[in-house]
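Q: Here's a structure for you.
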Amino acid sequence: MDNSLVAELYLSFAAIFHRPNQDVSNHLEELIDLWSDVIPEIESIQKLTAFCKQLPPGEERLNALWEHYIPLFETGMVEASPYASVYLGKEGLVLGKEASNVKRFYTKCGYVMGEKSGELPDHLAVELEFCALLAQNGQDDLLKDFSTKHLEPFLKCILPRIKTSGRPVYSEVAKILEVRLLNLQKEGDFVG
Amino acid sequence: MKRRNFLKGILYGTGATAALVGGFGTFSKHSPLKAGATRAEGEEATVFSACEMCRNQCPIAVKVKDGKVCKIEGHPDDTAFGGVICARGNAGPSLLYDPQRIKKPMIRTGERGEGKFKEVSWDEAYTYITDKLYNVKDQFGGEAIALASRKGPHDWFFRSIGRALGSPNVFSHEATCPMTRSVALDTTFGTEGIQADYANTKYLISIGRNWFEGIHVAQTRAVSKALSKGAKLVVLDPRFSITAAKGEWLPIKGTTDLAFVMAMANIMIEENLYDQDFITHYSEGFEKWAEEVKDKTPEWAEKETGISKDTIIRITREFAAAKPNAILDFGWRTAYTPNDYQLRRAILIVNMMIGNLEVPGGYYKTKPANFLKNFPDLAGNAEGLGGVAQPGFPTPIKGRIDGTGVKGTPGQIIPAYDGAVGKIIESILTEEPYPIRAWLVHRFNPYISLTDSPRVLEAFKKLDLLVTCDVYMTDTAYFSDVILPECTYLERYEPIFDMSGLTPKYVIRQPAVPLVYPDTKPYWQIYKELGERMGLGDYFGFEDMADFINQQLAPTRLTFEKMKEIGVWTPSGMKGFYIRENDSKASLDNVLSTPSKKIEIFSEHVEEATKQGVPNYFSHPQPEEGTFRFVQGKVAVHTNAGTANVPILNELMPTNTLWMNPVSCRKLDLKDGDDIVISAGNYEQKGKLKMTEGIRPDSVFCYHGFGRISPELKRAFGKGINGNNLISNEIGIVGNAVTSTTFVRVRKA
């Protein structure tokens with residue numbers, strides 16, 4: 001798989017796990033196209049397509065995403081806290097050691113989080129977006145290193161939670177991401 | 001290739017979404033020049049600030065390591081606090097780094113209470129609030145907008161919004177807290193600025209005050225100090241509290257405390273145990289009080305209170321023998337009864353009967369810089385804080401919904417700053433005296449803090465606009481139209497607080513770390529920006545908090561930098577003083593601000609307002625067989641409605657239970673740990689039973705602050721009993737919440 005496709009894939013997952021916005025919401029079909037190209041047989045694609053048919057691009061779709069994003073990731077219920085530190089630290093709190101570790105990794109690779117990014121360094125979407133940048137720039141070894149040390153341990157904790165939440169879009173995308181992760185670990189063998 | 005221009009656009013920086021190096025704009029290229037700004041590994045620092053896990057603002061020393069708050073201790077240089085803090089204060093980092101905090105402004109998208117929200121920018125939130133508030137103002141007048149907050153330094157900013165809109169309906173939470181005490185202090189001394197010198201007292205009587213669970217660190221330490229020096233402690237409480245465990249427990253019948261206090265006065269007069277010189281010299285109206293208590297004999301009080309007359313006589317004699325270094329405590333909690341202010345007045349009067357004002361171990365006037373101006377020898381020790389000037393606020397067109405300030409009615413003696421916050425619910429629902437249509441709430445959770453919780457929800461549903469500013473998705477936030485995410489106290493500057501006691505004292509709150517969630521804001525910024533959006537910017541005449549603080553400190557010879565460095569300031573070398581310590585006849589003209597410049601045992605104001613110039617006794621009903629008086633109280637590891645969801649505090653105490661005496665349990669065939677249903681009229685709450693000798697058989701008890709209904713308070717949701725769900729919204733004579741007159745039934749679930 002060429003680097004630009006890998007980058008697009010990571011970015012597509014980042015797009016979903018960042019806070020919902022109108023742009024991404026309106027282009028959900030495009031993301032589904034991408035996933036169906038890479039993992040064509042998975043049932044989740046059909047569910048996502050059905051969601052898009054039921055809610056065409058627009059405010060209603062965006063509100064539907066918010067309705068599930070907030071209790072899933074953001075406030076209160078936080079069924080699947082999107083911060084790696086919550087799972088990989090002892091206290092279950094944000095800005096733990098893992099946040100410092102990934103931040104250091106970003107610096108090592110020549111990146112910093114912009115002052116207006118509005119997010120913590122170990123947010124799921126931030127880590128996925130970072131992987132997209134590494135892939136885009138052909139920094140394959142660093143991508144592998146980051147994925148092994150940081151992203152994969154995090155995904156192993158968070159994806160089962162997102163999947164079992166049953167939240168439309170998010171649980172399906174988590175399943176697709178999990179399959180993608182398995183595919184990567186199998187070094188070329190596709191699961192689907 | 002299918003249609004994937006969107007992703008490519010983002011990835012390569014040509015899409016609609018801002019792109020710095022590709023992607024969603026999260027990253028930018030690392031600048032080597034900025035590398036040096038990164039905090040060095042292992043770097044440690046101490047930041048002096050003030051706690052906000054409750055409203056007491058204890059001075060703290062925040063330990064920061066690698067840019068993270070790792071521990072909080074008490075400020076080592078503040079002798080009153082002695083370098084210690086309570087469990088809640090220790091839990092600051094747990095709140096700070098909690099993944100369940102609110103992170104972005106939110107606007108409701110579903111039905112009210114359905115829990116559907118979207119996140120929005122601050123601009124969108126401000127615009128939404130502005131449009132809605134002006135709609136309400138245009139249609140119903142500024143008075144249709146109510147504001148309520150926990151009392152604190154945010155008031156200046158928060159209240160400016162309401163006052164600038166012409167609303168008279170700006171409330172604190174005090175009516176659900178110690179407001180009856182404030183009324184008593186105001187009407188007896190002409191000032192609320194009176195404190196108790198617990199550390200030096202020799203005899204301390206508490207009427208339900210529970211220093212070891214309702215913790216104020218300085219006061220709890222002072223009581224401990226007195227006890228360690230041999231002071232006697234007597235606790236009147238239907239429940240065996242932790243404080244009761246440290247002294248003599250008198251399990252008094254609920255709502256009869258005034259009978260005990262009046263009997264004390266009766267005994268002191270009959271046995272000539274009071275300080276006649278003090279009463280003659282400093283007070284007026286004593287003869288009316290003596291007349292009022294002449295038939296309040298110990299025998300009578302025994303029947304009312306359930307405390308034997310011999311005990312009442314003994315306690316009274318012991319108390320009087322310790323004069324003037326004794327304290328009958330004036331309390332600090334929600335009022336028990338509708339006429340609770342008269343209990344507090346009576347307590348103050350009995351204290352004055354032993355002449356314990358302005359002596360060690362008694363009561364004293366706080367001594368801020370402006371007070372010292374009255375004493376030429378001391379005036380040079382401190383200068384009062386300055387302030388930020390504001391234009392005059394528009395005069396409200398209508399009076400307040402609670403009648404505060406109306407002469408010839410109880411409203412005459414309700415503190416205008418506080419008001420009867422429970423009246424907001426009634427005005428929303430009944431539209432009397434006129435409707436409230438919009439409600440702004442700051443760090444206050446009416447669903448848990450006000451009585452009659454179901455009625456509070458009904459009221460929420462009738463509003464055109466409900467805005468909540470908080471750190472969590474509280475129960476009230478869950479029902480709001482707009483939620484504004486405040487940063488925590490560990491991330492913000494605030495105005496300098498005047499925390500003067502026996503000497504002047506200034507305390508700063510400053511950030512120990514940068515914002516954890518970058519899109520949260522300090523309250524002063526939120527209300528300044530909202531005010532500016534509403535065209536009310538003239539009321540916020542400061543650039544930022546540094547500018548605000550500089551204007552405050554301008555007259556004081558202190559600087560912002562100095563305050564940041566020391567955290568707490570008191571005049572160097574100045575010792576606290578009591579005006580009558582060495583001269584029992586010293587003038588109290590600077591202490592007393594009543595119209596008569598005397599201690600008003602009989603108060604013309606109270607007479608005019610309630611026709612009870614001296615406290616009268618009213619006998620409240622007692623529970624019939626099969627019913628129980630329902631009482632609530634504080635617990636040491638939580639702050640009322642505020643901390644149930646803080647991770648470490650929730651871990652320490654996730655829920656509450658209903659305390660019941662074994663005698664009552666046997667009658668109802670209930671066992672310790674049983675699942676139970678508690679009912680009061682149409683209302684019910686489920687919970688677990690705790691069987692204990694530590695409660696009168698005619699009463700049941702639970703800790704306050706549990707039974708949360710916001711699913712977004714994940715840890716606290718659905719756990720425990722919400723006592724306020726069982727109590728009707730009875731508003732006391734001076735606007736106070738009434739918490740101890742409800743009777744409940746209990747059955748196995």
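In the structure tokens, the first chain shown is A, the next is B, and so on; residue numbers restart at 1 for each chain, and ligands run from 1 in the order shown.
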Please build the interface table for chain B against chain A with a cut-off of 7 Å, listing for each qualifying residue the nearest atom pair and the distance in Å to one decimal; count only C-alpha atoms, order rows by chain and increasing number, and write it as JSON lines.

A:
```
{"residue": "B:Arg3", "atom": "CA", "partner": "A:Glu30", "partner_atom": "CA", "distance": 6.3}
{"residue": "B:Arg4", "atom": "CA", "partner": "A:Glu30", "partner_atom": "CA", "distance": 5.7}
{"residue": "B:Leu7", "atom": "CA", "partner": "A:Glu8", "partner_atom": "CA", "distance": 6.4}
{"residue": "B:Gly23", "atom": "CA", "partner": "A:Glu129", "partner_atom": "CA", "distance": 6.4}
{"residue": "B:Gly25", "atom": "CA", "partner": "A:Ser117", "partner_atom": "CA", "distance": 6.8}
{"residue": "B:Thr26", "atom": "CA", "partner": "A:Ser117", "partner_atom": "CA", "distance": 4.8}
{"residue": "B:Phe27", "atom": "CA", "partner": "A:Met113", "partner_atom": "CA", "distance": 4.4}
{"residue": "B:Ser28", "atom": "CA", "partner": "A:Val112", "partner_atom": "CA", "distance": 5.5}
{"residue": "B:Lys29", "atom": "CA", "partner": "A:Tyr111", "partner_atom": "CA", "distance": 4.7}
{"residue": "B:His30", "atom": "CA", "partner": "A:Tyr111", "partner_atom": "CA", "distance": 4.5}
{"residue": "B:Tyr97", "atom": "CA", "partner": "A:Val94", "partner_atom": "CA", "distance": 4.9}
{"residue": "B:Asp98", "atom": "CA", "partner": "A:Leu93", "partner_atom": "CA", "distance": 5.3}
{"residue": "B:Pro99", "atom": "CA", "partner": "A:Val94", "partner_atom": "CA", "distance": 5.8}
{"residue": "B:Gln100", "atom": "CA", "partner": "A:Gly76", "partner_atom": "CA", "distance": 4.8}
{"residue": "B:Arg101", "atom": "CA", "partner": "A:Thr75", "partner_atom": "CA", "distance": 6.0}
{"residue": "B:Ile102", "atom": "CA", "partner": "A:Thr75", "partner_atom": "CA", "distance": 5.5}
{"residue": "B:Lys116", "atom": "CA", "partner": "A:Glu67", "partner_atom": "CA", "distance": 5.2}
{"residue": "B:Phe117", "atom": "CA", "partner": "A:Glu67", "partner_atom": "CA", "distance": 6.1}
{"residue": "B:Lys118", "atom": "CA", "partner": "A:Trp66", "partner_atom": "CA", "distance": 5.2}
{"residue": "B:Met473", "atom": "CA", "partner": "A:Gly76", "partner_atom": "CA", "distance": 6.3}
{"residue": "B:Tyr517", "atom": "CA", "partner": "A:Glu119", "partner_atom": "CA", "distance": 6.8}
{"residue": "B:Pro518", "atom": "CA", "partner": "A:Gly118", "partner_atom": "CA", "distance": 5.0}
{"residue": "B:Asp519", "atom": "CA", "partner": "A:Gly118", "partner_atom": "CA", "distance": 6.0}
{"residue": "B:Pro711", "atom": "CA", "partner": "A:Met77", "partner_atom": "CA", "distance": 6.3}
{"residue": "B:Glu712", "atom": "CA", "partner": "A:Gly76", "partner_atom": "CA", "distance": 3.4}
{"residue": "B:Leu713", "atom": "CA", "partner": "A:Gly76", "partner_atom": "CA", "distance": 4.9}
{"residue": "B:Lys714", "atom": "CA", "partner": "A:Met77", "partner_atom": "CA", "distance": 4.7}
```

Q: Please write the residues from the selection above to a file, keeping N, CA and C atoms, as a short mmCIF file (atom, residue, chain, number, x, y, z; two decimals), in the first residue's frame.

A:
```cif
data_model
loop_
_atom_site.label_atom_id
_atom_site.label_comp_id
_atom_site.auth_asym_id
_atom_site.auth_seq_id
_atom_site.Cartn_x
_atom_site.Cartn_y
_atom_site.Cartn_z
N ARG B 3 -14.07 9.40 -5.41
CA ARG B 3 -14.12 10.81 -5.00
C ARG B 3 -13.51 10.99 -3.60
N ARG B 4 -12.19 11.24 -3.57
CA ARG B 4 -11.57 11.42 -2.26
C ARG B 4 -10.82 12.75 -2.19
N LEU B 7 -10.31 14.30 1.52
CA LEU B 7 -9.17 13.87 2.34
C LEU B 7 -7.85 14.36 1.78
N GLY B 23 -3.21 17.76 7.29
CA GLY B 23 -4.02 17.29 8.41
C GLY B 23 -5.00 18.36 8.84
N GLY B 25 -4.74 20.61 11.10
CA GLY B 25 -4.18 21.81 11.73
C GLY B 25 -3.73 21.59 13.15
N THR B 26 -3.68 20.33 13.56
CA THR B 26 -3.27 20.03 14.94
C THR B 26 -1.77 20.27 15.12
N PHE B 27 -1.01 19.97 14.07
CA PHE B 27 0.45 20.03 14.21
C PHE B 27 1.05 21.16 13.38
N SER B 28 2.19 21.62 13.84
CA SER B 28 3.00 22.50 13.01
C SER B 28 4.45 22.03 13.13
N LYS B 29 5.28 22.57 12.25
CA LYS B 29 6.68 22.16 12.29
C LYS B 29 7.32 22.65 13.58
N HIS B 30 8.16 21.82 14.13
CA HIS B 30 8.84 22.15 15.37
C HIS B 30 9.86 23.26 15.12
N TYR B 97 -7.36 16.85 36.36
CA TYR B 97 -7.03 15.93 35.26
C TYR B 97 -8.15 14.92 34.98
N ASP B 98 -9.35 15.27 35.39
CA ASP B 98 -10.47 14.34 35.20
C ASP B 98 -10.92 14.35 33.73
N PRO B 99 -10.94 13.18 33.07
CA PRO B 99 -11.42 13.15 31.68
C PRO B 99 -12.89 13.48 31.55
N GLN B 100 -13.64 13.51 32.65
CA GLN B 100 -15.08 13.79 32.55
C GLN B 100 -15.43 15.28 32.67
N ARG B 101 -14.43 16.14 32.79
CA ARG B 101 -14.74 17.58 32.83
C ARG B 101 -15.37 18.05 31.51
N ILE B 102 -16.07 19.18 31.58
CA ILE B 102 -16.59 19.78 30.34
C ILE B 102 -15.41 20.46 29.65
N LYS B 116 -29.04 15.75 24.79
CA LYS B 116 -28.44 15.90 23.46
C LYS B 116 -27.89 17.31 23.30
N PHE B 117 -26.61 17.37 23.04
CA PHE B 117 -25.91 18.66 22.90
C PHE B 117 -24.98 18.61 21.70
N LYS B 118 -24.58 19.80 21.25
CA LYS B 118 -23.46 19.87 20.30
C LYS B 118 -22.44 20.84 20.89
N MET B 473 -20.66 18.42 33.89
CA MET B 473 -22.03 18.39 33.40
C MET B 473 -22.91 18.03 34.60
N TYR B 517 -7.54 21.62 29.50
CA TYR B 517 -8.39 21.59 28.30
C TYR B 517 -8.40 22.99 27.71
N PRO B 518 -7.73 23.15 26.58
CA PRO B 518 -7.41 24.51 26.11
C PRO B 518 -8.61 25.39 25.81
N ASP B 519 -9.79 24.80 25.65
CA ASP B 519 -10.93 25.65 25.30
C ASP B 519 -11.82 25.95 26.50
N PRO B 711 -26.73 11.69 33.83
CA PRO B 711 -25.94 10.51 33.46
C PRO B 711 -24.51 10.89 33.12
N GLU B 712 -24.32 12.17 32.84
CA GLU B 712 -22.98 12.64 32.47
C GLU B 712 -22.06 12.77 33.67
N LEU B 713 -22.62 12.68 34.88
CA LEU B 713 -21.77 12.56 36.07
C LEU B 713 -21.59 11.06 36.28
N LYS B 714 -20.73 10.50 35.47
CA LYS B 714 -20.69 9.04 35.33
C LYS B 714 -20.49 8.31 36.66
#
```

Q: Within stretch 5-160 of chain A, find each residue whose DSSP state, derived from the backbone, is helix (DSSP H, G or I), and express the selection as number ranges by chain.

A: A: 5-17, 22-26, 28-38, 43-54, 59-74, 84-88, 97-108, 124-136, 140-160

Q: Excluding stretch 666-674 of chain B and its own-chain neighbours fewer than 4 positions away, which residues fall within 12 Å of it when counting only C-alpha atoms? Please give them as an mmCIF file with N, CA and C atoms, in the first residue's frame.

A:
```cif
data_model
loop_
_atom_site.group_PDB
_atom_site.id
_atom_site.type_symbol
_atom_site.label_atom_id
_atom_site.label_comp_id
_atom_site.auth_asym_id
_atom_site.auth_seq_id
_atom_site.Cartn_x
_atom_site.Cartn_y
_atom_site.Cartn_z
ATOM 1 N N GLU B 625 -45.898 8.314 65.333
ATOM 2 C CA GLU B 625 -45.434 6.934 65.244
ATOM 3 C C GLU B 625 -45.440 6.463 63.779
ATOM 4 N N GLY B 626 -44.375 5.872 63.349
ATOM 5 C CA GLY B 626 -44.308 5.370 61.967
ATOM 6 C C GLY B 626 -43.713 6.362 60.992
ATOM 7 N N THR B 627 -43.531 7.593 61.448
ATOM 8 C CA THR B 627 -42.850 8.572 60.591
ATOM 9 C C THR B 627 -41.584 9.045 61.303
ATOM 10 N N PHE B 628 -40.692 9.629 60.538
ATOM 11 C CA PHE B 628 -39.395 10.037 61.082
ATOM 12 C C PHE B 628 -39.039 11.434 60.594
ATOM 13 N N ASN B 656 -24.379 7.379 49.698
ATOM 14 C CA ASN B 656 -24.762 7.588 51.101
ATOM 15 C C ASN B 656 -25.765 6.516 51.515
ATOM 16 N N THR B 657 -26.115 6.544 52.786
ATOM 17 C CA THR B 657 -27.092 5.591 53.315
ATOM 18 C C THR B 657 -28.067 6.346 54.200
ATOM 19 N N LEU B 658 -29.127 5.691 54.575
ATOM 20 C CA LEU B 658 -30.074 6.296 55.520
ATOM 21 C C LEU B 658 -29.821 5.720 56.902
ATOM 22 N N TRP B 659 -29.498 6.617 57.835
ATOM 23 C CA TRP B 659 -29.238 6.176 59.209
ATOM 24 C C TRP B 659 -30.576 5.986 59.938
ATOM 25 N N MET B 660 -30.705 4.867 60.649
ATOM 26 C CA MET B 660 -31.913 4.643 61.456
ATOM 27 C C MET B 660 -31.532 3.907 62.732
ATOM 28 N N ASN B 661 -32.194 4.292 63.802
ATOM 29 C CA ASN B 661 -31.917 3.684 65.098
ATOM 30 C C ASN B 661 -32.408 2.230 65.131
ATOM 31 N N PRO B 662 -31.684 1.327 65.811
ATOM 32 C CA PRO B 662 -32.097 -0.090 65.861
ATOM 33 C C PRO B 662 -33.514 -0.285 66.390
ATOM 34 N N LYS B 686 -34.888 5.824 46.703
ATOM 35 C CA LYS B 686 -34.410 4.499 47.099
ATOM 36 C C LYS B 686 -33.015 4.625 47.689
ATOM 37 N N GLY B 687 -32.698 3.709 48.575
ATOM 38 C CA GLY B 687 -31.366 3.757 49.165
ATOM 39 C C GLY B 687 -31.084 2.525 49.985
ATOM 40 N N LYS B 688 -29.999 2.600 50.734
ATOM 41 C CA LYS B 688 -29.613 1.496 51.619
ATOM 42 C C LYS B 688 -29.728 1.959 53.056
ATOM 43 N N LEU B 689 -30.042 1.043 53.920
ATOM 44 C CA LEU B 689 -30.222 1.378 55.333
ATOM 45 C C LEU B 689 -28.932 1.157 56.105
ATOM 46 N N LYS B 690 -28.645 2.105 57.001
ATOM 47 C CA LYS B 690 -27.532 1.913 57.949
ATOM 48 C C LYS B 690 -28.162 1.910 59.339
ATOM 49 N N MET B 691 -28.054 0.810 60.007
ATOM 50 C CA MET B 691 -28.626 0.709 61.355
ATOM 51 C C MET B 691 -27.566 1.178 62.358
ATOM 52 N N THR B 692 -27.923 2.161 63.176
ATOM 53 C CA THR B 692 -26.917 2.730 64.084
ATOM 54 C C THR B 692 -27.570 3.352 65.310
ATOM 55 N N GLU B 693 -26.863 3.235 66.409
ATOM 56 C CA GLU B 693 -27.322 3.900 67.640
ATOM 57 C C GLU B 693 -27.106 5.406 67.546
ATOM 58 N N PRO B 697 -34.336 7.682 67.795
ATOM 59 C CA PRO B 697 -35.312 6.758 67.177
ATOM 60 C C PRO B 697 -36.391 7.469 66.360
ATOM 61 N N ASP B 698 -36.618 8.757 66.641
ATOM 62 C CA ASP B 698 -37.686 9.440 65.889
ATOM 63 C C ASP B 698 -37.150 10.168 64.647
ATOM 64 N N ARG B 745 -41.580 8.308 55.689
ATOM 65 C CA ARG B 745 -41.831 6.913 56.033
ATOM 66 C C ARG B 745 -40.754 6.075 55.341
ATOM 67 N N VAL B 746 -40.460 4.937 55.926
ATOM 68 C CA VAL B 746 -39.415 4.075 55.356
ATOM 69 C C VAL B 746 -39.964 2.651 55.264
ATOM 70 N N ARG B 747 -39.713 2.000 54.133
ATOM 71 C CA ARG B 747 -40.136 0.597 53.987
ATOM 72 C C ARG B 747 -39.072 -0.176 53.206
ATOM 73 N N LYS B 748 -39.151 -1.458 53.351
ATOM 74 C CA LYS B 748 -38.199 -2.293 52.620
ATOM 75 C C LYS B 748 -38.510 -2.208 51.128
ATOM 76 N N ALA B 749 -37.502 -2.171 50.327
ATOM 77 C CA ALA B 749 -37.732 -2.034 48.871
ATOM 78 C C ALA B 749 -38.252 -3.352 48.308
#
```

Q: Step one, run DSSP on the backbone; step two, keep only residues of stretch 420-540 of chain B assigned to strand (DSSP E or B); then write them as a PyMOL selection string.

A: chain B and resi 438-442+465-470+482-486+497-498+506-507+521

Q: Write out as an mmCIF file with N, CA and C atoms, in the first residue's frame the residues lying within 9 Å of A:Ile42, counting only C-alpha atoms and excluding same-chain residues fewer than 5 positions away.

A:
```cif
data_model
loop_
_atom_site.group_PDB
_atom_site.id
_atom_site.type_symbol
_atom_site.label_atom_id
_atom_site.label_comp_id
_atom_site.auth_asym_id
_atom_site.auth_seq_id
_atom_site.Cartn_x
_atom_site.Cartn_y
_atom_site.Cartn_z
ATOM 1 N N SER A 36 -14.160 1.133 2.194
ATOM 2 C CA SER A 36 -14.688 -0.010 1.426
ATOM 3 C C SER A 36 -13.679 -0.462 0.361
ATOM 4 N N LYS A 175 -14.699 -0.713 14.504
ATOM 5 C CA LYS A 175 -14.530 -2.085 13.975
ATOM 6 C C LYS A 175 -13.614 -2.072 12.748
ATOM 7 N N ILE A 176 -13.840 -1.085 11.893
ATOM 8 C CA ILE A 176 -12.999 -0.989 10.677
ATOM 9 C C ILE A 176 -11.545 -0.728 11.069
ATOM 10 N N VAL A 179 -9.920 -3.864 12.372
ATOM 11 C CA VAL A 179 -9.548 -4.780 11.286
ATOM 12 C C VAL A 179 -8.287 -4.276 10.596
ATOM 13 N N GLY A 192 -11.080 -9.530 6.865
ATOM 14 C CA GLY A 192 -12.209 -8.674 6.547
ATOM 15 C C GLY A 192 -13.492 -9.458 6.543
#
```

Q: Would you work out the distance separating atom CA of B:Glu114 from atom CA of B:Ser710, expressed in Å to one decimal?

A: 10.1 Å

Q: So that I can check the surroundings of stretch 300-307 of chain B, please list as a ChimeraX atom specification every protein, DNA and RNA residue that reaches within 8 Å of it, counting only C-alpha atoms and ignoring chain neighbours fewer than 5 positions away.

A: /B:250-254,256-257,259-260,263,295,312,619

Q: Could you save the residues just selected, with N, CA and C atoms, as a CSV table (one decimal), in the first residue's frame?

A:
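File part_37.csv, as written:
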```csv
chain,number,residue,atom,x,y,z
B,250,LEU,N,-25.8,15.5,73.1
B,250,LEU,CA,-27.2,15.7,73.6
B,250,LEU,C,-28.1,15.5,72.4
B,251,PRO,N,-28.7,14.3,72.3
B,251,PRO,CA,-29.5,14.0,71.1
B,251,PRO,C,-30.9,14.7,71.2
B,252,ILE,N,-30.9,16.0,70.9
B,252,ILE,CA,-32.1,16.8,71.1
B,252,ILE,C,-33.1,16.5,70.0
B,253,LYS,N,-34.4,16.6,70.4
B,253,LYS,CA,-35.5,16.5,69.4
B,253,LYS,C,-35.3,17.6,68.3
B,254,GLY,N,-35.4,17.1,67.1
B,254,GLY,CA,-35.2,18.1,66.0
B,254,GLY,C,-36.2,19.3,66.1
B,256,THR,N,-36.2,21.8,68.1
B,256,THR,CA,-36.5,22.3,69.4
B,256,THR,C,-35.3,23.1,70.0
B,257,ASP,N,-34.3,23.3,69.2
B,257,ASP,CA,-33.1,24.0,69.7
B,257,ASP,C,-33.3,25.3,70.4
B,259,ALA,N,-35.8,26.1,72.1
B,259,ALA,CA,-36.3,25.9,73.5
B,259,ALA,C,-35.1,25.8,74.4
B,260,PHE,N,-34.1,25.0,74.0
B,260,PHE,CA,-32.9,24.8,74.8
B,260,PHE,C,-32.2,26.2,75.1
B,263,ALA,N,-34.2,28.4,77.4
B,263,ALA,CA,-34.1,27.9,78.8
B,263,ALA,C,-32.7,28.2,79.4
B,295,ASP,N,-40.9,32.3,81.2
B,295,ASP,CA,-41.6,31.0,81.4
B,295,ASP,C,-41.0,29.8,80.7
B,312,ILE,N,-29.9,20.4,81.2
B,312,ILE,CA,-29.9,21.8,80.7
B,312,ILE,C,-29.4,22.8,81.8
B,619,SER,N,-43.5,26.2,68.6
B,619,SER,CA,-43.3,24.7,68.7
B,619,SER,C,-43.7,24.0,67.4
```

Q: Residues at most 8 Å from B:Pro654, counting only C-alpha atoms, excluding those fewer than 2 positions away in the same chain, as a PyMOL selection string?

A: chain B and resi 644+649-652+656+715-716+719

Q: Any idea what's packed within 9 Å of B:Ile72, counting only C-alpha atoms, ignoring anything in its chain fewer than 4 positions away? Could you give it as a ChimeraX atom specification?

A: /B:60-64,85,89-93
